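Data block for target.pdb (PDB, C-alpha atoms):
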```
ATOM      1  CA  MET A   1      35.291 -41.484 -52.460  1.00  0.00           C
ATOM      2  CA  LYS A   2      37.456 -44.283 -53.741  1.00  0.00           C
ATOM      3  CA  LEU A   3      35.906 -47.565 -52.599  1.00  0.00           C
ATOM      4  CA  SER A   4      37.088 -51.167 -52.719  1.00  0.00           C
ATOM      5  CA  VAL A   5      34.149 -53.583 -52.726  1.00  0.00           C
ATOM      6  CA  LEU A   6      34.476 -57.287 -51.965  1.00  0.00           C
ATOM      7  CA  GLY A   7      31.606 -59.653 -52.682  1.00  0.00           C
ATOM      8  CA  ALA A   8      30.618 -57.407 -55.580  1.00  0.00           C
ATOM      9  CA  THR A   9      29.278 -60.289 -57.674  1.00  0.00           C
ATOM     10  CA  GLY A  10      26.748 -61.330 -55.038  1.00  0.00           C
ATOM     11  CA  GLN A  11      23.200 -60.022 -55.028  1.00  0.00           C
ATOM     12  CA  THR A  12      23.750 -57.477 -52.264  1.00  0.00           C
ATOM     13  CA  GLY A  13      27.179 -56.571 -53.620  1.00  0.00           C
ATOM     14  CA  GLN A  14      25.760 -55.735 -57.044  1.00  0.00           C
ATOM     15  CA  PHE A  15      23.232 -53.382 -55.484  1.00  0.00           C
ATOM     16  CA  LEU A  16      26.037 -51.755 -53.513  1.00  0.00           C
ATOM     17  CA  VAL A  17      28.276 -51.271 -56.564  1.00  0.00           C
ATOM     18  CA  LYS A  18      25.471 -49.742 -58.627  1.00  0.00           C
ATOM     19  CA  GLN A  19      24.401 -47.395 -55.846  1.00  0.00           C
ATOM     20  CA  ALA A  20      27.998 -46.339 -55.157  1.00  0.00           C
ATOM     21  CA  LEU A  21      28.494 -45.483 -58.819  1.00  0.00           C
ATOM     22  CA  ASP A  22      25.186 -43.593 -58.906  1.00  0.00           C
ATOM     23  CA  GLN A  23      26.406 -41.552 -55.932  1.00  0.00           C
ATOM     24  CA  GLY A  24      29.588 -40.604 -57.779  1.00  0.00           C
ATOM     25  CA  HIS A  25      32.059 -42.878 -56.005  1.00  0.00           C
ATOM     26  CA  VAL A  26      34.961 -44.519 -57.803  1.00  0.00           C
ATOM     27  CA  VAL A  27      34.676 -48.279 -57.267  1.00  0.00           C
ATOM     28  CA  THR A  28      37.210 -51.079 -57.468  1.00  0.00           C
ATOM     29  CA  ALA A  29      35.336 -54.389 -57.370  1.00  0.00           C
ATOM     30  CA  LEU A  30      37.579 -57.173 -56.085  1.00  0.00           C
ATOM     31  CA  VAL A  31      36.057 -60.442 -57.250  1.00  0.00           C
ATOM     32  CA  ARG A  32      36.808 -64.113 -57.675  1.00  0.00           C
ATOM     33  CA  ASN A  33      35.162 -64.279 -61.125  1.00  0.00           C
ATOM     34  CA  ALA A  34      34.836 -61.071 -63.151  1.00  0.00           C
ATOM     35  CA  ALA A  35      32.328 -62.661 -65.523  1.00  0.00           C
ATOM     36  CA  LYS A  36      29.778 -62.625 -62.697  1.00  0.00           C
ATOM     37  CA  LEU A  37      29.714 -58.808 -62.604  1.00  0.00           C
ATOM     38  CA  PRO A  38      28.230 -57.782 -65.984  1.00  0.00           C
ATOM     39  CA  LEU A  39      28.452 -54.058 -65.331  1.00  0.00           C
ATOM     40  CA  GLU A  40      30.438 -51.378 -67.132  1.00  0.00           C
ATOM     41  CA  HIS A  41      30.991 -47.820 -65.925  1.00  0.00           C
ATOM     42  CA  GLN A  42      33.730 -45.249 -66.337  1.00  0.00           C
ATOM     43  CA  ASN A  43      34.220 -45.182 -62.552  1.00  0.00           C
ATOM     44  CA  LEU A  44      34.249 -48.974 -62.122  1.00  0.00           C
ATOM     45  CA  LYS A  45      37.310 -51.200 -62.189  1.00  0.00           C
ATOM     46  CA  VAL A  46      36.757 -54.956 -61.871  1.00  0.00           C
ATOM     47  CA  VAL A  47      39.748 -56.982 -60.681  1.00  0.00           C
ATOM     48  CA  GLU A  48      40.047 -60.709 -60.123  1.00  0.00           C
ATOM     49  CA  THR A  49      42.034 -61.444 -56.977  1.00  0.00           C
ATOM     50  CA  ASP A  50      42.481 -63.890 -54.130  1.00  0.00           C
ATOM     51  CA  ILE A  51      40.303 -62.541 -51.323  1.00  0.00           C
ATOM     52  CA  PHE A  52      42.261 -64.622 -48.816  1.00  0.00           C
ATOM     53  CA  SER A  53      45.631 -63.084 -49.743  1.00  0.00           C
ATOM     54  CA  ALA A  54      46.684 -59.904 -47.965  1.00  0.00           C
ATOM     55  CA  ASN A  55      49.479 -59.428 -50.492  1.00  0.00           C
ATOM     56  CA  GLN A  56      47.108 -59.536 -53.445  1.00  0.00           C
ATOM     57  CA  LEU A  57      44.498 -57.354 -51.770  1.00  0.00           C
ATOM     58  CA  SER A  58      47.063 -54.723 -50.778  1.00  0.00           C
ATOM     59  CA  ALA A  59      47.898 -54.182 -54.439  1.00  0.00           C
ATOM     60  CA  HIS A  60      44.348 -52.897 -54.911  1.00  0.00           C
ATOM     61  CA  PHE A  61      43.717 -51.142 -51.561  1.00  0.00           C
ATOM     62  CA  GLN A  62      46.410 -48.543 -52.183  1.00  0.00           C
ATOM     63  CA  GLY A  63      44.905 -45.047 -52.276  1.00  0.00           C
ATOM     64  CA  GLN A  64      41.393 -46.199 -51.328  1.00  0.00           C
ATOM     65  CA  ASP A  65      39.211 -44.321 -48.843  1.00  0.00           C
ATOM     66  CA  ALA A  66      37.150 -47.277 -47.603  1.00  0.00           C
ATOM     67  CA  ILE A  67      36.680 -51.024 -47.950  1.00  0.00           C
ATOM     68  CA  LEU A  68      33.185 -52.518 -48.063  1.00  0.00           C
ATOM     69  CA  SER A  69      32.589 -56.252 -47.888  1.00  0.00           C
ATOM     70  CA  CYS A  70      29.443 -58.140 -48.867  1.00  0.00           C
ATOM     71  CA  LEU A  71      31.255 -61.465 -48.962  1.00  0.00           C
ATOM     72  CA  GLY A  72      29.175 -64.535 -48.308  1.00  0.00           C
ATOM     73  CA  PHE A  73      30.044 -68.193 -47.924  1.00  0.00           C
ATOM     74  CA  PRO A  74      27.761 -71.242 -48.136  1.00  0.00           C
ATOM     75  CA  TYR A  75      26.705 -73.058 -45.006  1.00  0.00           C
ATOM     76  CA  LYS A  76      27.778 -76.589 -44.144  1.00  0.00           C
ATOM     77  CA  ILE A  77      25.611 -78.869 -42.072  1.00  0.00           C
ATOM     78  CA  PHE A  78      28.190 -81.298 -40.729  1.00  0.00           C
ATOM     79  CA  SER A  79      31.308 -79.143 -40.524  1.00  0.00           C
ATOM     80  CA  ALA A  80      32.490 -75.639 -39.708  1.00  0.00           C
ATOM     81  CA  ILE A  81      33.335 -72.898 -42.179  1.00  0.00           C
ATOM     82  CA  SER A  82      36.056 -70.252 -41.921  1.00  0.00           C
ATOM     83  CA  GLY A  83      35.612 -68.004 -44.963  1.00  0.00           C
ATOM     84  CA  TYR A  84      34.464 -64.978 -42.985  1.00  0.00           C
ATOM     85  CA  THR A  85      37.376 -64.958 -40.552  1.00  0.00           C
ATOM     86  CA  ASP A  86      39.955 -65.985 -43.156  1.00  0.00           C
ATOM     87  CA  SER A  87      38.921 -63.252 -45.583  1.00  0.00           C
ATOM     88  CA  MET A  88      38.660 -60.577 -42.890  1.00  0.00           C
ATOM     89  CA  LYS A  89      42.130 -61.334 -41.575  1.00  0.00           C
ATOM     90  CA  ALA A  90      43.476 -60.812 -45.098  1.00  0.00           C
ATOM     91  CA  ILE A  91      41.393 -57.650 -45.546  1.00  0.00           C
ATOM     92  CA  THR A  92      42.569 -56.067 -42.291  1.00  0.00           C
ATOM     93  CA  ALA A  93      46.199 -56.976 -42.914  1.00  0.00           C
ATOM     94  CA  ALA A  94      46.050 -55.412 -46.375  1.00  0.00           C
ATOM     95  CA  ALA A  95      44.208 -52.365 -45.033  1.00  0.00           C
ATOM     96  CA  ARG A  96      46.968 -51.767 -42.511  1.00  0.00           C
ATOM     97  CA  LEU A  97      49.638 -52.100 -45.196  1.00  0.00           C
ATOM     98  CA  CYS A  98      47.835 -49.493 -47.295  1.00  0.00           C
ATOM     99  CA  GLN A  99      46.787 -47.263 -44.378  1.00  0.00           C
ATOM    100  CA  VAL A 100      43.072 -47.620 -45.104  1.00  0.00           C
ATOM    101  CA  LYS A 101      41.173 -47.324 -41.831  1.00  0.00           C
ATOM    102  CA  CYS A 102      37.499 -47.579 -42.838  1.00  0.00           C
ATOM    103  CA  ILE A 103      36.087 -51.113 -43.204  1.00  0.00           C
ATOM    104  CA  ILE A 104      32.340 -51.773 -43.442  1.00  0.00           C
ATOM    105  CA  THR A 105      31.279 -55.409 -43.550  1.00  0.00           C
ATOM    106  CA  MET A 106      28.006 -57.328 -43.525  1.00  0.00           C
ATOM    107  CA  THR A 107      27.007 -60.283 -41.367  1.00  0.00           C
ATOM    108  CA  SER A 108      23.473 -61.102 -40.145  1.00  0.00           C
ATOM    109  CA  TRP A 109      21.003 -60.935 -37.299  1.00  0.00           C
ATOM    110  CA  TYR A 110      21.379 -63.672 -34.669  1.00  0.00           C
ATOM    111  CA  THR A 111      25.119 -64.284 -35.032  1.00  0.00           C
ATOM    112  CA  ALA A 112      25.662 -64.617 -31.274  1.00  0.00           C
ATOM    113  CA  PRO A 113      24.671 -67.913 -29.616  1.00  0.00           C
ATOM    114  CA  LYS A 114      21.141 -67.810 -28.168  1.00  0.00           C
ATOM    115  CA  SER A 115      20.463 -64.364 -29.646  1.00  0.00           C
ATOM    116  CA  GLY A 116      17.577 -65.789 -31.674  1.00  0.00           C
ATOM    117  CA  GLN A 117      15.533 -67.018 -28.717  1.00  0.00           C
ATOM    118  CA  ASN A 118      12.760 -64.494 -29.440  1.00  0.00           C
ATOM    119  CA  ALA A 119      12.702 -65.137 -33.177  1.00  0.00           C
ATOM    120  CA  PRO A 120       9.635 -66.749 -34.781  1.00  0.00           C
ATOM    121  CA  ALA A 121       9.459 -70.532 -34.438  1.00  0.00           C
ATOM    122  CA  SER A 122      10.215 -71.118 -38.126  1.00  0.00           C
ATOM    123  CA  VAL A 123      13.397 -69.080 -37.802  1.00  0.00           C
ATOM    124  CA  ARG A 124      14.394 -70.468 -34.410  1.00  0.00           C
ATOM    125  CA  PHE A 125      13.857 -74.160 -35.112  1.00  0.00           C
ATOM    126  CA  LEU A 126      14.400 -74.439 -38.880  1.00  0.00           C
ATOM    127  CA  LEU A 127      16.494 -71.623 -40.328  1.00  0.00           C
ATOM    128  CA  LEU A 128      18.990 -70.935 -37.549  1.00  0.00           C
ATOM    129  CA  PRO A 129      20.031 -74.584 -37.077  1.00  0.00           C
ATOM    130  CA  LEU A 130      20.442 -74.922 -40.849  1.00  0.00           C
ATOM    131  CA  ILE A 131      22.783 -71.944 -41.189  1.00  0.00           C
ATOM    132  CA  ARG A 132      24.472 -72.248 -37.787  1.00  0.00           C
ATOM    133  CA  SER A 133      27.900 -72.828 -39.384  1.00  0.00           C
ATOM    134  CA  VAL A 134      27.598 -69.484 -41.180  1.00  0.00           C
ATOM    135  CA  LEU A 135      26.369 -67.594 -38.119  1.00  0.00           C
ATOM    136  CA  THR A 136      29.117 -69.093 -35.956  1.00  0.00           C
ATOM    137  CA  ASN A 137      31.869 -67.990 -38.319  1.00  0.00           C
ATOM    138  CA  MET A 138      30.288 -64.559 -38.732  1.00  0.00           C
ATOM    139  CA  HIS A 139      30.344 -64.215 -34.945  1.00  0.00           C
ATOM    140  CA  GLN A 140      33.979 -65.295 -34.868  1.00  0.00           C
ATOM    141  CA  MET A 141      34.758 -62.599 -37.433  1.00  0.00           C
ATOM    142  CA  GLU A 142      32.903 -60.003 -35.374  1.00  0.00           C
ATOM    143  CA  ASN A 143      34.901 -60.982 -32.294  1.00  0.00           C
ATOM    144  CA  TYR A 144      38.137 -60.811 -34.273  1.00  0.00           C
ATOM    145  CA  LEU A 145      37.356 -57.216 -35.236  1.00  0.00           C
ATOM    146  CA  LYS A 146      36.450 -56.298 -31.649  1.00  0.00           C
ATOM    147  CA  GLU A 147      39.474 -57.943 -30.085  1.00  0.00           C
ATOM    148  CA  GLU A 148      42.246 -57.363 -32.622  1.00  0.00           C
ATOM    149  CA  CYS A 149      41.292 -54.386 -34.792  1.00  0.00           C
ATOM    150  CA  GLY A 150      41.076 -51.453 -32.409  1.00  0.00           C
ATOM    151  CA  ASP A 151      43.320 -49.498 -34.770  1.00  0.00           C
ATOM    152  CA  LEU A 152      40.773 -49.640 -37.609  1.00  0.00           C
ATOM    153  CA  ASP A 153      37.455 -47.860 -38.090  1.00  0.00           C
ATOM    154  CA  TRP A 154      35.371 -50.971 -38.749  1.00  0.00           C
ATOM    155  CA  THR A 155      31.602 -51.366 -38.643  1.00  0.00           C
ATOM    156  CA  VAL A 156      29.632 -54.625 -38.778  1.00  0.00           C
ATOM    157  CA  VAL A 157      26.203 -54.297 -40.414  1.00  0.00           C
ATOM    158  CA  ARG A 158      23.708 -56.975 -39.371  1.00  0.00           C
ATOM    159  CA  PRO A 159      20.578 -57.321 -41.558  1.00  0.00           C
ATOM    160  CA  PRO A 160      17.740 -59.840 -41.158  1.00  0.00           C
ATOM    161  CA  GLY A 161      16.664 -62.165 -43.985  1.00  0.00           C
ATOM    162  CA  LEU A 162      17.531 -60.724 -47.385  1.00  0.00           C
ATOM    163  CA  GLN A 163      14.980 -60.067 -50.104  1.00  0.00           C
ATOM    164  CA  ASN A 164      16.301 -59.587 -53.630  1.00  0.00           C
ATOM    165  CA  ALA A 165      14.687 -56.172 -54.012  1.00  0.00           C
ATOM    166  CA  PRO A 166      16.036 -52.692 -54.800  1.00  0.00           C
ATOM    167  CA  ALA A 167      16.482 -49.857 -52.354  1.00  0.00           C
ATOM    168  CA  SER A 168      13.437 -48.079 -51.000  1.00  0.00           C
ATOM    169  CA  ASP A 169      13.031 -44.673 -49.396  1.00  0.00           C
ATOM    170  CA  LYS A 170      12.028 -46.183 -46.062  1.00  0.00           C
ATOM    171  CA  GLU A 171      13.559 -44.946 -42.820  1.00  0.00           C
ATOM    172  CA  PHE A 172      16.132 -47.207 -41.185  1.00  0.00           C
ATOM    173  CA  LEU A 173      15.680 -48.821 -37.788  1.00  0.00           C
ATOM    174  CA  THR A 174      18.907 -49.660 -35.958  1.00  0.00           C
ATOM    175  CA  HIS A 175      19.960 -51.344 -32.741  1.00  0.00           C
ATOM    176  CA  GLU A 176      23.336 -52.110 -31.197  1.00  0.00           C
ATOM    177  CA  GLY A 177      22.691 -55.798 -30.773  1.00  0.00           C
ATOM    178  CA  TYR A 178      21.928 -58.954 -32.692  1.00  0.00           C
ATOM    179  CA  PHE A 179      18.484 -57.986 -34.008  1.00  0.00           C
ATOM    180  CA  VAL A 180      16.170 -54.968 -33.985  1.00  0.00           C
ATOM    181  CA  PRO A 181      13.559 -55.449 -31.219  1.00  0.00           C
ATOM    182  CA  ASP A 182      10.082 -54.042 -30.892  1.00  0.00           C
ATOM    183  CA  SER A 183       8.804 -52.602 -27.619  1.00  0.00           C
ATOM    184  CA  ASN A 184       8.292 -56.136 -26.264  1.00  0.00           C
ATOM    185  CA  GLY A 185      11.746 -57.395 -27.173  1.00  0.00           C
ATOM    186  CA  TYR A 186      10.680 -59.374 -30.243  1.00  0.00           C
ATOM    187  CA  PRO A 187      12.101 -58.866 -33.748  1.00  0.00           C
ATOM    188  CA  VAL A 188      10.287 -56.090 -35.600  1.00  0.00           C
ATOM    189  CA  THR A 189      10.569 -57.968 -38.909  1.00  0.00           C
ATOM    190  CA  ASN A 190      12.204 -60.968 -40.544  1.00  0.00           C
ATOM    191  CA  VAL A 191      13.342 -59.432 -43.835  1.00  0.00           C
ATOM    192  CA  VAL A 192      14.928 -56.429 -45.521  1.00  0.00           C
ATOM    193  CA  ALA A 193      15.612 -55.555 -49.159  1.00  0.00           C
ATOM    194  CA  ARG A 194      19.169 -56.158 -50.316  1.00  0.00           C
ATOM    195  CA  GLY A 195      19.099 -52.720 -51.903  1.00  0.00           C
ATOM    196  CA  ASP A 196      18.360 -51.165 -48.531  1.00  0.00           C
ATOM    197  CA  VAL A 197      21.273 -53.021 -46.924  1.00  0.00           C
ATOM    198  CA  ALA A 198      23.541 -51.562 -49.602  1.00  0.00           C
ATOM    199  CA  ARG A 199      22.010 -48.117 -49.056  1.00  0.00           C
ATOM    200  CA  PHE A 200      22.648 -48.365 -45.314  1.00  0.00           C
ATOM    201  CA  MET A 201      26.253 -49.513 -45.770  1.00  0.00           C
ATOM    202  CA  LEU A 202      26.999 -46.580 -48.062  1.00  0.00           C
ATOM    203  CA  SER A 203      25.338 -44.156 -45.637  1.00  0.00           C
ATOM    204  CA  LEU A 204      27.939 -45.127 -43.029  1.00  0.00           C
ATOM    205  CA  LEU A 205      30.659 -43.475 -45.113  1.00  0.00           C
ATOM    206  CA  ASP A 206      29.346 -40.122 -43.892  1.00  0.00           C
ATOM    207  CA  ARG A 207      28.560 -41.107 -40.289  1.00  0.00           C
ATOM    208  CA  ASN A 208      30.665 -42.208 -37.337  1.00  0.00           C
ATOM    209  CA  GLU A 209      28.230 -43.327 -34.625  1.00  0.00           C
ATOM    210  CA  TRP A 210      28.748 -47.001 -35.488  1.00  0.00           C
ATOM    211  CA  ILE A 211      32.534 -47.086 -35.735  1.00  0.00           C
ATOM    212  CA  GLN A 212      33.946 -50.167 -33.946  1.00  0.00           C
ATOM    213  CA  LYS A 213      30.423 -51.443 -33.323  1.00  0.00           C
ATOM    214  CA  GLY A 214      27.991 -53.987 -34.677  1.00  0.00           C
ATOM    215  CA  VAL A 215      24.655 -52.519 -35.751  1.00  0.00           C
ATOM    216  CA  SER A 216      21.529 -54.492 -36.550  1.00  0.00           C
ATOM    217  CA  MET A 217      19.363 -52.776 -39.119  1.00  0.00           C
ATOM    218  CA  CYS A 218      16.110 -53.041 -41.017  1.00  0.00           C
ATOM    219  CA  THR A 219      13.618 -50.580 -42.481  1.00  0.00           C
ATOM    220  CA  VAL A 220      10.409 -49.147 -41.050  1.00  0.00           C
ATOM    221  CA  LEU A 221       7.391 -51.219 -41.984  1.00  0.00           C
ATOM    222  CA  LYS A 222       4.836 -49.251 -43.961  1.00  0.00           C
ATOM    223  CA  ASP A 223       1.107 -49.966 -43.843  1.00  0.00           C
TER     224      ASP A 223
END
```
If you convert what's in this file into structure tokens, what do you get?
Amino acid sequence: MKLSVLGATGQTGQFLVKQALDQGHVVTALVRNAAKLPLEHQNLKVVETDIFSANQLSAHFQGQDAILSCLGFPYKIFSAISGYTDSMKAITAAARLCQVKCIITMTSWYTAPKSGQNAPASVRFLLLPLIRSVLTNMHQMENYLKEECGDLDWTVVRPPGLQNAPASDKEFLTHEGYFVPDSNGYPVTNVVARGDVARFMLSLLDRNEWIQKGVSMCTVLKD
């Protein structure tokens, strides 16, 4: 497939680009700073562009089969952020111009208000308040896709805390909600390897059960 990848210079994005190339896909990495993606491959094109400009993005979405976004934006403690919604509005506008229907994007567990009530205390009382601005804007982006993008085949992938580790061969656990629960309704884990998030996102190119849905994911814990 021909894939456009946004957020390709980030840690998860780099795993995704490398795996996509290993699988034989042709990748266009749309980045803010090409120097941050030190990777060369005959099937990789790295382009600097404005991720908030539908006009600029549409120049690179033409002829693509799917758009995958690993974009991330830093949290702010005393103010809101809007990078997730602003970038997604540009992405969807450009996708429509170029007739690309498949969009796979990454957010996080616990984006919805109060969805982290069963999380461990350290997550509930320390981490979630710290990154609330990020989670709030992620949730706004998810709602934008649900409410205004019924014409596109989008999927929101929600992972837990990200470990900078390569992909494993572990089985995926999934749940249509804001975290993956165990049999008692508590989160089955707190972390997942970035490489496994990339592996899961790429697996969605060949599956359709999560189209126009948000899916929380992690991997099976091994003894």
Checklist entry - So which residues get picked by the PyMOL selection byres ((chain A and resi 31) around 8) here, written as a list in words? => result Leu6, Gly7, Ala8, Thr9, Ala29, Leu30, Arg32, Asn33, Ala34, Val46, Val47, Glu48, Thr49, Asp50 and Ile51 of chain A
Just to be explicit: take each residue in the selection above, keep C-alpha atoms, and write the result as a short mmCIF file (atom, residue, chain, number, x, y, z; two decimals), in the frame of the given file.
```cif
data_model
loop_
_atom_site.label_atom_id
_atom_site.label_comp_id
_atom_site.auth_asym_id
_atom_site.auth_seq_id
_atom_site.Cartn_x
_atom_site.Cartn_y
_atom_site.Cartn_z
CA LEU A 6 34.48 -57.29 -51.96
CA GLY A 7 31.61 -59.65 -52.68
CA ALA A 8 30.62 -57.41 -55.58
CA THR A 9 29.28 -60.29 -57.67
CA ALA A 29 35.34 -54.39 -57.37
CA LEU A 30 37.58 -57.17 -56.08
CA ARG A 32 36.81 -64.11 -57.68
CA ASN A 33 35.16 -64.28 -61.12
CA ALA A 34 34.84 -61.07 -63.15
CA VAL A 46 36.76 -54.96 -61.87
CA VAL A 47 39.75 -56.98 -60.68
CA GLU A 48 40.05 -60.71 -60.12
CA THR A 49 42.03 -61.44 -56.98
CA ASP A 50 42.48 -63.89 -54.13
CA ILE A 51 40.30 -62.54 -51.32
#
```
Checklist entry - Care to translate the PyMOL selection byres ((chain A and resi 102-119) around 7) into actual residues of this file, as a ChimeraX atom specification? => result /A:66-70,100-101,120-121,123-124,135-136,138-139,152-160,178-179,186-187,201,216
Checklist entry - Of the residues A:Thr174, A:Ser203, A:Asn43, A:Gln62, which is the one nearest to Val215 of chain A, using all atoms listed in the file? => result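 Ranked by minimum distance to Val215 of chain A, first place goes to A:Thr174.
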Checklist entry - Which neighbours of Leu173 of chain A fall inside 10 Å, counting all atoms listed in the file, when residues of the same chain fewer than 4 positions from it are skipped, and could you give them as an NGL selection string? => result :A and (180-181 or 188 or 215-221)
Next on the checklist: Under the PyMOL selection byres ((chain A and resi 87-92) around 8), which residues of this model are included? Write them out as a list in words.
Outcome noted: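 That selection, the PyMOL selection byres ((chain A and resi 87-92) around 8), comes back as Ile51, Phe52, Ser53, Ala54, Leu57, Gly83, Tyr84, Thr85, Asp86, Ala93, Ala94, Ala95, Arg96, Met141 and Cys149 of chain A.
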Now that the selection is made, can you save its residues with C-alpha atoms as a PDB file, in the frame of the given file?
```pdb
ATOM      1  CA  ILE A  51      40.303 -62.541 -51.323  1.00  0.00           C
ATOM      2  CA  PHE A  52      42.261 -64.622 -48.816  1.00  0.00           C
ATOM      3  CA  SER A  53      45.631 -63.084 -49.743  1.00  0.00           C
ATOM      4  CA  ALA A  54      46.684 -59.904 -47.965  1.00  0.00           C
ATOM      5  CA  LEU A  57      44.498 -57.354 -51.770  1.00  0.00           C
ATOM      6  CA  GLY A  83      35.612 -68.004 -44.963  1.00  0.00           C
ATOM      7  CA  TYR A  84      34.464 -64.978 -42.985  1.00  0.00           C
ATOM      8  CA  THR A  85      37.376 -64.958 -40.552  1.00  0.00           C
ATOM      9  CA  ASP A  86      39.955 -65.985 -43.156  1.00  0.00           C
ATOM     10  CA  ALA A  93      46.199 -56.976 -42.914  1.00  0.00           C
ATOM     11  CA  ALA A  94      46.050 -55.412 -46.375  1.00  0.00           C
ATOM     12  CA  ALA A  95      44.208 -52.365 -45.033  1.00  0.00           C
ATOM     13  CA  ARG A  96      46.968 -51.767 -42.511  1.00  0.00           C
ATOM     14  CA  MET A 141      34.758 -62.599 -37.433  1.00  0.00           C
ATOM     15  CA  CYS A 149      41.292 -54.386 -34.792  1.00  0.00           C
TER      16      CYS A 149
END
```
Item to check | Of the listed residues A:Leu37, A:Leu3, A:Leu44, A:Ala167, that which approaches Ala198 of chain A most closely, counting only C-alpha atoms | outcome: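 Among the listed residues, A:Ala167 lies closest to Ala198 of chain A.
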Next on the checklist: I'd like the neighbourhood of Glu40 of chain A as an MDAnalysis selection string, where a residue qualifies if any of its atoms comes within 12 Å (using all atoms listed in the file), though same-chain residues fewer than 5 positions away should be ignored.
Outcome noted: chainID A and resid 14 17:18 21 27:29 34:35 45:46
Write out, as an mmCIF file, in the frame of the given file, the residues just selected, with C-alpha atoms.
```cif
data_model
loop_
_atom_site.group_PDB
_atom_site.id
_atom_site.type_symbol
_atom_site.label_atom_id
_atom_site.label_comp_id
_atom_site.auth_asym_id
_atom_site.auth_seq_id
_atom_site.Cartn_x
_atom_site.Cartn_y
_atom_site.Cartn_z
ATOM 1 C CA GLN A 14 25.760 -55.735 -57.044
ATOM 2 C CA VAL A 17 28.276 -51.271 -56.564
ATOM 3 C CA LYS A 18 25.471 -49.742 -58.627
ATOM 4 C CA LEU A 21 28.494 -45.483 -58.819
ATOM 5 C CA VAL A 27 34.676 -48.279 -57.267
ATOM 6 C CA THR A 28 37.210 -51.079 -57.468
ATOM 7 C CA ALA A 29 35.336 -54.389 -57.370
ATOM 8 C CA ALA A 34 34.836 -61.071 -63.151
ATOM 9 C CA ALA A 35 32.328 -62.661 -65.523
ATOM 10 C CA LYS A 45 37.310 -51.200 -62.189
ATOM 11 C CA VAL A 46 36.757 -54.956 -61.871
#
```
Next on the checklist: Can you pull out the residues contacting Ile77 of chain A? Cut-off 10 Å, using only C-alpha atoms, and skip same-chain residues under 6 positions away; I want them as a PyMOL selection string.
Outcome noted: chain A and resi 129-134
Restricting the output to C-alpha atoms, write the selected residues as an mmCIF file, keeping the file's coordinate frame.
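again-v7.cif was written with the following content:
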```cif
data_model
loop_
_atom_site.group_PDB
_atom_site.id
_atom_site.type_symbol
_atom_site.label_atom_id
_atom_site.label_comp_id
_atom_site.auth_asym_id
_atom_site.auth_seq_id
_atom_site.Cartn_x
_atom_site.Cartn_y
_atom_site.Cartn_z
ATOM 1 C CA PRO A 129 20.031 -74.584 -37.077
ATOM 2 C CA LEU A 130 20.442 -74.922 -40.849
ATOM 3 C CA ILE A 131 22.783 -71.944 -41.189
ATOM 4 C CA ARG A 132 24.472 -72.248 -37.787
ATOM 5 C CA SER A 133 27.900 -72.828 -39.384
ATOM 6 C CA VAL A 134 27.598 -69.484 -41.180
#
```
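Note that atom CA of Gly214 of chain A and atom CA of Glu176 of chain A are 6.1 Å apart.
Counting all atoms listed in the file and comparing A:Val191, A:Asn137, A:Arg199, A:Leu145, the residue that lies closest to Glu171 of chain A is A:Arg199.
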